[in-house]
$ cat start_23.cif   # mmCIF, C-alpha atoms
data_coords
loop_
_atom_site.group_PDB
_atom_site.id
_atom_site.type_symbol
_atom_site.label_atom_id
_atom_site.label_comp_id
_atom_site.auth_asym_id
_atom_site.auth_seq_id
_atom_site.Cartn_x
_atom_site.Cartn_y
_atom_site.Cartn_z
ATOM 1 C CA MET A 1 60.407 33.239 174.894
ATOM 2 C CA GLU A 2 57.960 34.030 172.078
ATOM 3 C CA LYS A 3 59.083 36.868 169.831
ATOM 4 C CA ARG A 4 56.645 39.792 169.736
ATOM 5 C CA ARG A 5 55.085 40.313 166.311
ATOM 6 C CA PRO A 6 55.403 43.830 164.944
ATOM 7 C CA GLY A 7 52.148 45.768 164.628
ATOM 8 C CA LEU A 8 50.598 47.167 161.482
ATOM 9 C CA ILE A 9 52.095 50.583 162.107
ATOM 10 C CA ASP A 10 55.693 51.558 162.842
ATOM 11 C CA PRO A 11 55.510 53.911 165.894
ATOM 12 C CA ARG A 12 57.603 56.441 163.962
ATOM 13 C CA ALA A 13 54.833 56.666 161.357
ATOM 14 C CA LEU A 14 52.381 58.180 163.862
ATOM 15 C CA PRO A 15 54.039 61.572 164.363
ATOM 16 C CA ILE A 16 54.749 61.802 160.632
ATOM 17 C CA ALA A 17 51.090 61.126 159.839
ATOM 18 C CA VAL A 18 49.943 63.497 162.589
ATOM 19 C CA GLY A 19 52.243 66.151 161.142
ATOM 20 C CA TYR A 20 51.055 65.533 157.586
ATOM 21 C CA LEU A 21 47.333 65.828 158.380
ATOM 22 C CA PRO A 22 47.144 69.590 159.029
ATOM 23 C CA VAL A 23 49.566 70.347 156.172
ATOM 24 C CA ALA A 24 47.553 68.235 153.733
ATOM 25 C CA PHE A 25 44.403 69.798 155.153
ATOM 26 C CA ALA A 26 45.858 73.249 154.468
ATOM 27 C CA PHE A 27 46.825 72.106 150.969
ATOM 28 C CA GLY A 28 43.257 70.995 150.139
ATOM 29 C CA LEU A 29 41.896 74.190 151.631
ATOM 30 C CA SER A 30 44.323 76.380 149.636
ATOM 31 C CA ALA A 31 43.502 74.617 146.360
ATOM 32 C CA VAL A 32 39.792 75.299 146.779
ATOM 33 C CA ALA A 33 40.515 78.849 147.960
ATOM 34 C CA ILE A 34 42.238 79.661 144.647
ATOM 35 C CA HIS A 35 39.294 78.121 142.756
ATOM 36 C CA LEU A 36 40.988 74.928 141.622
ATOM 37 C CA PRO A 37 38.711 71.887 141.524
ATOM 38 C CA GLY A 38 38.815 69.625 144.575
ATOM 39 C CA TRP A 39 39.640 66.550 142.488
ATOM 40 C CA PHE A 40 42.812 68.289 141.292
ATOM 41 C CA ALA A 41 44.130 68.711 144.857
ATOM 42 C CA VAL A 42 43.275 65.152 145.865
ATOM 43 C CA LEU A 43 44.715 63.638 142.668
ATOM 44 C CA LEU A 44 47.923 65.642 143.106
ATOM 45 C CA SER A 45 48.280 64.289 146.661
ATOM 46 C CA LEU A 46 47.454 60.766 145.500
ATOM 47 C CA LEU A 47 49.905 60.685 142.587
ATOM 48 C CA VAL A 48 52.672 63.200 143.357
ATOM 49 C CA TYR A 49 52.813 62.902 147.194
ATOM 50 C CA ALA A 50 55.414 65.599 147.689
ATOM 51 C CA GLY A 51 54.253 68.508 149.844
ATOM 52 C CA ALA A 52 56.587 71.336 148.849
ATOM 53 C CA SER A 53 56.072 70.801 145.137
ATOM 54 C CA GLN A 54 52.294 70.486 145.561
ATOM 55 C CA PHE A 55 52.084 73.857 147.308
ATOM 56 C CA ALA A 56 54.389 75.238 144.616
ATOM 57 C CA ALA A 57 51.983 73.866 141.983
ATOM 58 C CA LEU A 58 49.127 75.863 143.514
ATOM 59 C CA HIS A 59 51.276 78.992 143.561
ATOM 60 C CA LEU A 60 52.409 78.452 139.947
ATOM 61 C CA LEU A 61 48.888 77.825 138.663
ATOM 62 C CA ALA A 62 47.456 80.773 140.582
ATOM 63 C CA SER A 63 50.154 83.114 139.251
ATOM 64 C CA GLY A 64 49.567 82.036 135.638
ATOM 65 C CA THR A 65 52.977 80.381 135.109
ATOM 66 C CA PRO A 66 53.207 78.680 131.685
ATOM 67 C CA PHE A 67 52.209 74.999 131.789
ATOM 68 C CA LEU A 68 55.632 73.562 130.886
ATOM 69 C CA ALA A 69 57.546 75.890 133.219
ATOM 70 C CA GLY A 70 55.254 74.814 136.041
ATOM 71 C CA ILE A 71 55.885 71.123 135.365
ATOM 72 C CA VAL A 72 59.657 71.597 135.172
ATOM 73 C CA ALA A 73 59.617 73.606 138.424
ATOM 74 C CA ILE A 74 57.833 70.741 140.176
ATOM 75 C CA TRP A 75 60.363 68.225 138.872
ATOM 76 C CA LEU A 76 63.247 70.424 140.019
ATOM 77 C CA ILE A 77 61.789 70.838 143.506
ATOM 78 C CA ASN A 78 61.409 67.042 143.739
ATOM 79 C CA LEU A 79 64.894 66.296 142.402
ATOM 80 C CA ARG A 80 66.234 65.956 145.952
ATOM 81 C CA MET A 81 64.240 62.730 146.192
ATOM 82 C CA ALA A 82 66.641 61.141 143.706
ATOM 83 C CA LEU A 83 69.421 61.632 146.253
ATOM 84 C CA GLU A 84 67.226 60.248 149.032
ATOM 85 C CA ALA A 85 66.179 57.204 146.989
ATOM 86 C CA LEU A 86 69.802 56.537 146.024
ATOM 87 C CA SER A 87 70.947 56.863 149.630
ATOM 88 C CA PHE A 88 68.234 54.640 151.112
ATOM 89 C CA PHE A 89 67.752 51.919 148.496
ATOM 90 C CA ARG A 90 71.431 51.073 148.129
ATOM 91 C CA ARG A 91 71.271 49.749 151.720
ATOM 92 C CA VAL A 92 68.465 47.265 151.110
ATOM 93 C CA ASP A 93 68.251 44.229 148.905
ATOM 94 C CA TRP A 94 64.597 44.012 148.020
ATOM 95 C CA GLY A 95 64.952 42.940 144.388
ATOM 96 C CA HIS A 96 62.184 44.060 142.057
ATOM 97 C CA LEU A 97 60.167 45.564 144.937
ATOM 98 C CA ARG A 98 62.756 48.293 145.471
ATOM 99 C CA PRO A 99 61.768 50.765 142.732
ATOM 100 C CA HIS A 100 58.038 50.316 143.355
ATOM 101 C CA LEU A 101 58.315 50.962 147.076
ATOM 102 C CA SER A 102 60.378 54.080 146.339
ATOM 103 C CA LEU A 103 57.182 55.791 145.188
ATOM 104 C CA LEU A 104 56.123 56.253 148.829
ATOM 105 C CA LEU A 105 59.416 57.779 149.955
ATOM 106 C CA THR A 106 59.218 61.344 151.276
ATOM 107 C CA ASP A 107 61.711 63.570 153.118
ATOM 108 C CA GLU A 108 60.293 62.480 156.460
ATOM 109 C CA THR A 109 59.889 58.752 155.818
ATOM 110 C CA PHE A 110 63.363 58.705 154.223
ATOM 111 C CA VAL A 111 64.914 60.125 157.374
ATOM 112 C CA ALA A 112 62.962 57.776 159.654
ATOM 113 C CA ALA A 113 63.747 54.734 157.495
ATOM 114 C CA SER A 114 67.428 55.560 157.042
ATOM 115 C CA LEU A 115 68.458 56.057 160.644
ATOM 116 C CA GLY A 116 68.927 52.647 162.186
ATOM 117 C CA ASP A 117 69.358 49.139 160.864
ATOM 118 C CA ALA A 118 68.461 48.161 157.291
ATOM 119 C CA MET A 119 64.729 47.427 157.022
ATOM 120 C CA SER A 120 62.728 44.622 155.483
ATOM 121 C CA PRO A 121 60.116 45.553 152.843
ATOM 122 C CA ALA A 122 57.354 44.759 155.378
ATOM 123 C CA ALA A 123 58.923 47.085 157.974
ATOM 124 C CA TYR A 124 59.197 49.797 155.334
ATOM 125 C CA VAL A 125 55.516 49.398 154.392
ATOM 126 C CA ARG A 126 54.600 49.622 158.108
ATOM 127 C CA LEU A 127 56.407 52.960 158.168
ATOM 128 C CA VAL A 128 55.117 54.522 154.935
ATOM 129 C CA TRP A 129 51.462 53.532 154.508
ATOM 130 C CA LEU A 130 50.011 55.642 157.310
ATOM 131 C CA PRO A 131 51.732 58.946 156.349
ATOM 132 C CA TYR A 132 50.619 58.422 152.726
ATOM 133 C CA THR A 133 47.034 57.735 153.807
ATOM 134 C CA ALA A 134 47.104 60.749 156.137
ATOM 135 C CA TRP A 135 48.392 62.939 153.310
ATOM 136 C CA VAL A 136 45.691 61.909 150.844
ATOM 137 C CA LEU A 137 42.874 61.924 153.421
ATOM 138 C CA GLY A 138 44.063 65.259 154.840
ATOM 139 C CA SER A 139 43.881 66.791 151.363
ATOM 140 C CA LEU A 140 40.399 65.370 150.868
ATOM 141 C CA ILE A 141 39.191 66.672 154.232
ATOM 142 C CA GLY A 142 40.732 70.074 153.455
ATOM 143 C CA VAL A 143 38.808 70.181 150.196
ATOM 144 C CA LEU A 144 35.535 69.040 151.765
ATOM 145 C CA ALA A 145 35.488 70.670 155.190
ATOM 146 C CA GLY A 146 37.917 73.525 155.542
ATOM 147 C CA ASP A 147 37.518 74.901 159.006
ATOM 148 C CA LEU A 148 36.160 72.197 161.275
ATOM 149 C CA LEU A 149 39.410 71.667 163.243
ATOM 150 C CA PRO A 150 40.042 74.396 165.846
ATOM 151 C CA LEU A 151 42.683 76.769 164.507
ATOM 152 C CA LEU A 152 44.859 76.549 167.622
ATOM 153 C CA LEU A 153 45.082 72.757 167.425
ATOM 154 C CA ARG A 154 45.727 72.847 163.673
ATOM 155 C CA HIS A 155 48.621 75.240 164.270
ATOM 156 C CA ALA A 156 50.002 73.264 167.234
ATOM 157 C CA PHE A 157 50.217 70.076 165.182
ATOM 158 C CA GLY A 158 52.533 71.940 162.818
ATOM 159 C CA ILE A 159 55.327 71.231 165.307
ATOM 160 C CA ALA A 160 54.897 67.420 165.127
ATOM 161 C CA ILE A 161 57.192 66.820 162.154
ATOM 162 C CA GLU A 162 59.912 69.140 163.513
ATOM 163 C CA ALA A 163 59.719 67.367 166.887
ATOM 164 C CA LEU A 164 60.084 64.033 165.117
ATOM 165 C CA PHE A 165 63.214 65.304 163.367
ATOM 166 C CA VAL A 166 64.660 66.435 166.710
ATOM 167 C CA SER A 167 63.995 63.053 168.338
ATOM 168 C CA LEU A 168 65.484 61.188 165.370
ATOM 169 C CA LEU A 169 68.513 63.456 165.406
ATOM 170 C CA VAL A 170 69.088 63.008 169.154
ATOM 171 C CA GLY A 171 68.954 59.231 168.697
ATOM 172 C CA ALA A 172 71.277 59.332 165.680
ATOM 173 C CA VAL A 173 73.857 61.550 167.393
ATOM 174 C CA ARG A 174 73.878 59.282 170.434
ATOM 175 C CA ALA A 175 74.619 56.324 168.142
ATOM 176 C CA ASP A 176 77.171 58.024 165.869
ATOM 177 C CA ALA A 177 78.740 61.396 166.730
ATOM 178 C CA ARG A 178 79.621 62.038 163.054
ATOM 179 C CA THR A 179 75.931 62.576 162.312
ATOM 180 C CA ALA A 180 76.105 65.764 164.392
ATOM 181 C CA TRP A 181 78.587 67.175 161.850
ATOM 182 C CA ALA A 182 76.389 66.093 158.967
ATOM 183 C CA ALA A 183 73.277 67.633 160.542
ATOM 184 C CA ALA A 184 75.072 70.886 161.414
ATOM 185 C CA ALA A 185 76.475 71.191 157.890
ATOM 186 C CA GLY A 186 73.056 70.297 156.465
ATOM 187 C CA ALA A 187 71.478 73.088 158.511
ATOM 188 C CA ALA A 188 74.192 75.559 157.472
ATOM 189 C CA GLY A 189 73.743 74.563 153.825
ATOM 190 C CA ALA A 190 69.985 75.109 154.037
ATOM 191 C CA ILE A 191 70.568 78.596 155.490
ATOM 192 C CA LEU A 192 73.187 79.462 152.849
ATOM 193 C CA GLY A 193 70.976 78.082 150.085
ATOM 194 C CA SER A 194 67.779 79.807 151.266
ATOM 195 C CA PRO A 195 67.819 82.313 148.345
ATOM 196 C CA LEU A 196 67.497 79.277 146.071
ATOM 197 C CA GLY A 197 64.060 78.390 147.501
ATOM 198 C CA GLY A 198 63.300 74.667 147.167
ATOM 199 C CA TRP A 199 66.945 73.960 146.299
ATOM 200 C CA SER A 200 68.160 74.945 149.770
ATOM 201 C CA LEU A 201 67.385 71.423 150.967
ATOM 202 C CA VAL A 202 69.594 69.972 148.229
ATOM 203 C CA VAL A 203 72.441 72.370 149.140
ATOM 204 C CA GLY A 204 72.081 71.278 152.767
ATOM 205 C CA MET A 205 72.076 67.594 151.894
ATOM 206 C CA VAL A 206 75.190 67.899 149.718
ATOM 207 C CA LEU A 207 77.103 69.930 152.333
ATOM 208 C CA GLY A 208 76.039 67.584 155.128
ATOM 209 C CA ALA A 209 77.080 64.509 153.161
ATOM 210 C CA LEU A 210 80.485 66.116 152.530
ATOM 211 C CA ALA A 211 80.864 66.914 156.235
ATOM 212 C CA TYR A 212 80.085 63.290 157.138
ATOM 213 C CA PHE A 213 82.565 62.109 154.514
ATOM 214 C CA LEU A 214 85.306 64.346 155.959
ATOM 215 C CA ALA A 215 84.494 63.367 159.559
ATOM 216 C CA THR A 216 84.734 59.679 158.602
ATOM 217 C CA ALA A 217 88.050 60.203 156.786
ATOM 218 C CA ARG A 218 89.423 62.092 159.799
ATOM 219 C CA ALA A 219 88.298 59.355 162.200
ATOM 220 C CA GLU A 220 89.943 56.719 159.984
ATOM 221 C CA ARG A 221 93.211 58.652 159.881
ATOM 222 C CA ALA A 222 93.186 59.040 163.667
ATOM 223 C CA ALA A 223 92.493 55.312 164.186
ATOM 224 C CA MET B 1 42.691 76.256 132.984
ATOM 225 C CA ASN B 2 40.200 73.634 131.870
ATOM 226 C CA SER B 3 39.882 70.168 133.404
ATOM 227 C CA LEU B 4 41.868 68.419 130.660
ATOM 228 C CA THR B 5 44.829 70.796 131.077
ATOM 229 C CA LEU B 6 44.733 70.330 134.858
ATOM 230 C CA LEU B 7 44.616 66.551 134.458
ATOM 231 C CA THR B 8 47.608 66.668 132.075
ATOM 232 C CA PHE B 9 49.415 68.868 134.620
ATOM 233 C CA VAL B 10 48.854 66.340 137.415
ATOM 234 C CA LEU B 11 49.864 63.370 135.271
ATOM 235 C CA ALA B 12 53.044 65.060 133.977
ATOM 236 C CA ALA B 13 54.052 66.150 137.506
ATOM 237 C CA ALA B 14 53.317 62.665 138.853
ATOM 238 C CA LEU B 15 55.187 60.851 136.088
ATOM 239 C CA GLY B 16 58.315 63.005 136.455
ATOM 240 C CA THR B 17 58.273 62.704 140.266
ATOM 241 C CA ALA B 18 57.771 58.927 140.045
ATOM 242 C CA LEU B 19 60.796 58.611 137.726
ATOM 243 C CA ILE B 20 62.862 60.806 140.053
ATOM 244 C CA ARG B 21 62.128 58.325 142.868
ATOM 245 C CA PHE B 22 62.035 55.154 140.780
ATOM 246 C CA LEU B 23 65.260 55.311 138.718
ATOM 247 C CA PRO B 24 67.756 55.932 141.565
ATOM 248 C CA ALA B 25 66.035 53.205 143.607
ATOM 249 C CA ARG B 26 66.229 50.815 140.642
ATOM 250 C CA TYR B 27 69.936 51.408 140.045
ATOM 251 C CA ALA B 28 71.013 52.197 143.627
ATOM 252 C CA HIS B 29 73.060 48.995 143.916
ATOM 253 C CA HIS B 30 75.319 50.088 141.075
ATOM 254 C CA ALA B 31 76.563 52.873 143.332
ATOM 255 C CA ALA B 32 78.898 50.525 145.146
ATOM 256 C CA ASP B 33 81.987 52.734 145.236
ATOM 257 C CA PRO B 34 83.097 52.910 148.913
ATOM 258 C CA ARG B 35 83.744 56.651 148.725
ATOM 259 C CA LEU B 36 80.250 57.263 147.334
ATOM 260 C CA GLU B 37 78.889 54.944 150.003
ATOM 261 C CA ARG B 38 80.597 56.960 152.722
ATOM 262 C CA LEU B 39 79.263 60.157 151.189
ATOM 263 C CA LEU B 40 75.700 58.842 150.992
ATOM 264 C CA GLN B 41 75.773 57.642 154.613
ATOM 265 C CA GLY B 42 75.708 61.270 155.694
ATOM 266 C CA VAL B 43 72.680 62.215 153.601
ATOM 267 C CA PRO B 44 69.935 61.271 156.132
ATOM 268 C CA ALA B 45 71.450 63.292 158.985
ATOM 269 C CA ALA B 46 72.193 66.147 156.575
ATOM 270 C CA ALA B 47 68.575 66.092 155.424
ATOM 271 C CA LEU B 48 67.473 66.195 159.077
ATOM 272 C CA GLY B 49 69.573 69.292 159.752
ATOM 273 C CA ALA B 50 68.373 70.998 156.574
ATOM 274 C CA LEU B 51 64.714 70.130 157.179
ATOM 275 C CA LEU B 52 64.902 71.407 160.753
ATOM 276 C CA VAL B 53 66.202 74.748 159.535
ATOM 277 C CA THR B 54 63.793 75.130 156.619
ATOM 278 C CA GLY B 55 60.797 74.210 158.770
ATOM 279 C CA PHE B 56 61.782 76.077 161.933
ATOM 280 C CA THR B 57 60.348 79.471 161.041
ATOM 281 C CA SER B 58 57.171 78.124 159.491
ATOM 282 C CA ALA B 59 56.332 75.312 161.928
ATOM 283 C CA LEU B 60 54.131 77.445 164.138
ATOM 284 C CA PRO B 61 52.227 80.406 162.812
ATOM 285 C CA PRO B 62 52.381 83.340 163.381
ATOM 286 C CA HIS B 63 56.151 82.660 163.270
ATOM 287 C CA ASP B 64 56.230 82.037 167.011
ATOM 288 C CA LEU B 65 59.910 81.171 167.255
ATOM 289 C CA VAL B 66 60.043 81.166 171.076
ATOM 290 C CA THR B 67 57.289 78.548 171.291
ATOM 291 C CA THR B 68 58.934 76.592 168.458
ATOM 292 C CA ALA B 69 62.287 76.586 170.277
ATOM 293 C CA LEU B 70 60.666 75.613 173.610
ATOM 294 C CA SER B 71 58.650 72.812 171.972
ATOM 295 C CA LEU B 72 61.684 71.391 170.200
ATOM 296 C CA GLY B 73 63.761 71.721 173.379
ATOM 297 C CA VAL B 74 61.177 69.608 175.208
ATOM 298 C CA ALA B 75 61.223 67.101 172.335
ATOM 299 C CA ALA B 76 65.043 66.868 172.560
ATOM 300 C CA LEU B 77 64.911 66.356 176.336
ATOM 301 C CA LEU B 78 62.266 63.644 176.055
ATOM 302 C CA ALA B 79 64.180 61.989 173.202
ATOM 303 C CA TRP B 80 67.402 61.819 175.204
ATOM 304 C CA ARG B 81 66.110 58.765 177.039
ATOM 305 C CA PRO B 82 65.689 55.978 174.471
ATOM 306 C CA GLY B 83 62.081 54.856 174.085
ATOM 307 C CA GLY B 84 60.525 55.880 170.809
ATOM 308 C CA VAL B 85 59.472 59.142 169.264
ATOM 309 C CA LEU B 86 55.845 59.411 170.303
ATOM 310 C CA TRP B 87 56.396 61.059 173.719
ATOM 311 C CA PRO B 88 58.850 63.666 172.404
ATOM 312 C CA VAL B 89 56.354 64.555 169.674
ATOM 313 C CA LEU B 90 53.335 64.682 171.993
ATOM 314 C CA GLY B 91 55.352 66.725 174.493
ATOM 315 C CA ALA B 92 56.282 69.204 171.764
ATOM 316 C CA VAL B 93 52.670 69.481 170.556
ATOM 317 C CA ALA B 94 51.465 70.101 174.133
ATOM 318 C CA VAL B 95 54.035 72.883 174.627
ATOM 319 C CA ALA B 96 53.162 74.323 171.206
ATOM 320 C CA ALA B 97 49.425 74.353 171.988
ATOM 321 C CA THR B 98 50.095 76.046 175.357
ATOM 322 C CA GLY B 99 52.447 78.601 173.781
ATOM 323 C CA LEU B 100 50.029 79.404 170.990
ATOM 324 C CA TYR B 101 47.150 79.704 173.474
ATOM 325 C CA ILE B 102 49.151 82.272 175.445
ATOM 326 C CA HIS B 103 50.304 84.005 172.255
ATOM 327 C CA LEU B 104 47.039 84.027 170.342
ATOM 328 C CA GLY B 105 44.589 83.902 173.243
#

$ encode --input "start_23.cif" --output "structure tokens"
Amino acid sequence: MEKRRPGLIDPRALPIAVGYLPVAFAFGLSAVAIHLPGWFAVLLSLLVYAGASQFAALHLLASGTPFLAGIVAIWLINLRMALEALSFFRRVDWGHLRPHLSLLLTDETFVAASLGDAMSPAAYVRLVWLPYTAWVLGSLIGVLAGDLLPLLLRHAFGIAIEALFVSLLVGAVRADARTAWAAAAGAAGAILGSPLGGWSLVVGMVLGALAYFLATARAERAA
Amino acid sequence: MNSLTLLTFVLAAALGTALIRFLPARYAHHAADPRLERLLQGVPAAALGALLVTGFTSALPPHDLVTTALSLGVAALLAWRPGGVLWPVLGAVAVAATGLYIHLG
């Protein structure tokens, strides 16, 4: 039987892209609303491609934060990506392509790419190109045409990324029960770390990884 | 801020963020210790849990937590049967749109 060729887009990329569009749209809109030039918002999306830190950049610039402090804050918010890149790229053997492809890794594509079998570079590209395009185009549309999308629909699409996380989590827990411990500890860590702002995600990731480590050790002892 | 300062801001933010992604990816294979490996295996699921919590209250304005919970419940139910993520996501968006329509009018 002939093997079916994979399409240009990984199906998991669709909800991520759909979720990114309104957020990126809101980002472009917010940048213009605080009188930053449109090119600044689009260039930030094009080159930084990290939502939380981009919104933080708008807040920092609008509140008159010193230039260097603003830059360092953005780096700190994005530091969690080091952990994600380390976790994902140790599983794949893509040679010199590995660091370059890491530039398109986000929280959402990391989660989608990590759960399941190790991917080929082509499969990874099929997953990441559409969310990146949606993010940049969404920012551009936000800058150019703020309120064309009905508000209700814009708000409703805000649930798309969360729903994707739930579906990925359900699939992961069905495959490996230890991931439930990791996810629960990750959630608890994010709640405990909420006073730390952007760092709460890092606290959650560290606690969740520890929980998975302990669950694995316990399972090995029991075996 | 003038255009040159803003451009420097973007480039500095982009360069730092690129290095944050690039360097761990470049040297990821050196992290071959089995204990570290076991620890890192839990990171994706941990990130999922943390992201769900951090996004839960802000997913649907105006902080409509009931609609958020219902939408995600529908997504979980639809995801229970293996078959991709599109239907769970579309189901959640449909519930969210209905909930917001009732809530906001």

$ resolve_selection --input "start_23.cif" --expression "the PyMOL selection byres ((chain B) within 6 of (chain A))" --output "ChimeraX atom specification"
/B:10,13-14,20-22,24-26,28-29,38-40,42-47,49-50,53,59-60,72,75-76,79,89,93,96-97

$ atom_distance --input "start_23.cif" --atom1 "atom CA of A:Gly138" --atom2 "atom CA of A:Leu21"
4.9 Å

$ residues_around --input "start_23.cif" --residues "B:Val95" --least-positions-apart "4" --cutoff "9 Å" --atoms "only C-alpha atoms" --output "list in words"
Ala156 of chain A; Thr67, Thr68, Leu70, Ser71, Leu72, Val74, Leu90, Gly91, Gly99 and Leu100 of chain B

$ resolve_selection --input "start_23.cif" --expression "the PyMOL selection byres ((chain A and resi 130) around 9)" --output "PyMOL selection string"
chain A and resi 9-10+13-14+16-17+125-129+131-135

$ atom_distance --input "start_23.cif" --atom1 "atom CA of B:Tyr101" --atom2 "atom CA of B:Asp64"
11.4 Å

$ atom_distance --input "start_23.cif" --atom1 "atom CA of B:Trp87" --atom2 "atom CA of B:Thr54"
23.3 Å

$ decode --input "start_23.cif" --residues "stretch 36-52 of chain B" --atoms "N, CA and C atoms" --output "short mmCIF file (atom, residue, chain, number, x, y, z; two decimals), in the first residue's frame"
data_model
loop_
_atom_site.label_atom_id
_atom_site.label_comp_id
_atom_site.auth_asym_id
_atom_site.auth_seq_id
_atom_site.Cartn_x
_atom_site.Cartn_y
_atom_site.Cartn_z
N LEU B 36 19.66 13.85 34.29
CA LEU B 36 19.21 15.10 33.67
C LEU B 36 18.18 14.80 32.58
N GLU B 37 18.44 13.71 31.86
CA GLU B 37 17.52 13.28 30.81
C GLU B 37 16.12 13.01 31.38
N ARG B 38 16.11 12.29 32.49
CA ARG B 38 14.85 11.95 33.15
C ARG B 38 14.13 13.20 33.63
N LEU B 39 14.94 14.15 34.11
CA LEU B 39 14.39 15.41 34.60
C LEU B 39 13.78 16.21 33.44
N LEU B 40 14.51 16.24 32.32
CA LEU B 40 14.05 17.05 31.19
C LEU B 40 12.83 16.44 30.50
N GLN B 41 12.66 15.12 30.65
CA GLN B 41 11.50 14.46 30.03
C GLN B 41 10.18 15.02 30.56
N GLY B 42 10.24 15.51 31.80
CA GLY B 42 9.01 16.02 32.41
C GLY B 42 8.70 17.46 32.06
N VAL B 43 9.65 18.14 31.42
CA VAL B 43 9.48 19.58 31.15
C VAL B 43 8.26 19.88 30.26
N PRO B 44 8.05 19.14 29.14
CA PRO B 44 6.90 19.50 28.30
C PRO B 44 5.56 19.43 29.03
N ALA B 45 5.33 18.34 29.78
CA ALA B 45 4.05 18.22 30.49
C ALA B 45 3.96 19.28 31.59
N ALA B 46 5.10 19.57 32.23
CA ALA B 46 5.12 20.61 33.26
C ALA B 46 4.77 21.96 32.66
N ALA B 47 5.33 22.23 31.47
CA ALA B 47 5.03 23.49 30.79
C ALA B 47 3.55 23.56 30.44
N LEU B 48 2.97 22.41 30.02
CA LEU B 48 1.54 22.38 29.71
C LEU B 48 0.71 22.78 30.92
N GLY B 49 1.02 22.15 32.06
CA GLY B 49 0.27 22.46 33.30
C GLY B 49 0.41 23.93 33.66
N ALA B 50 1.65 24.44 33.60
CA ALA B 50 1.90 25.83 33.97
C ALA B 50 1.21 26.80 33.01
N LEU B 51 1.27 26.49 31.72
CA LEU B 51 0.65 27.37 30.72
C LEU B 51 -0.87 27.38 30.87
N LEU B 52 -1.44 26.21 31.19
CA LEU B 52 -2.89 26.15 31.38
C LEU B 52 -3.32 27.05 32.53
#
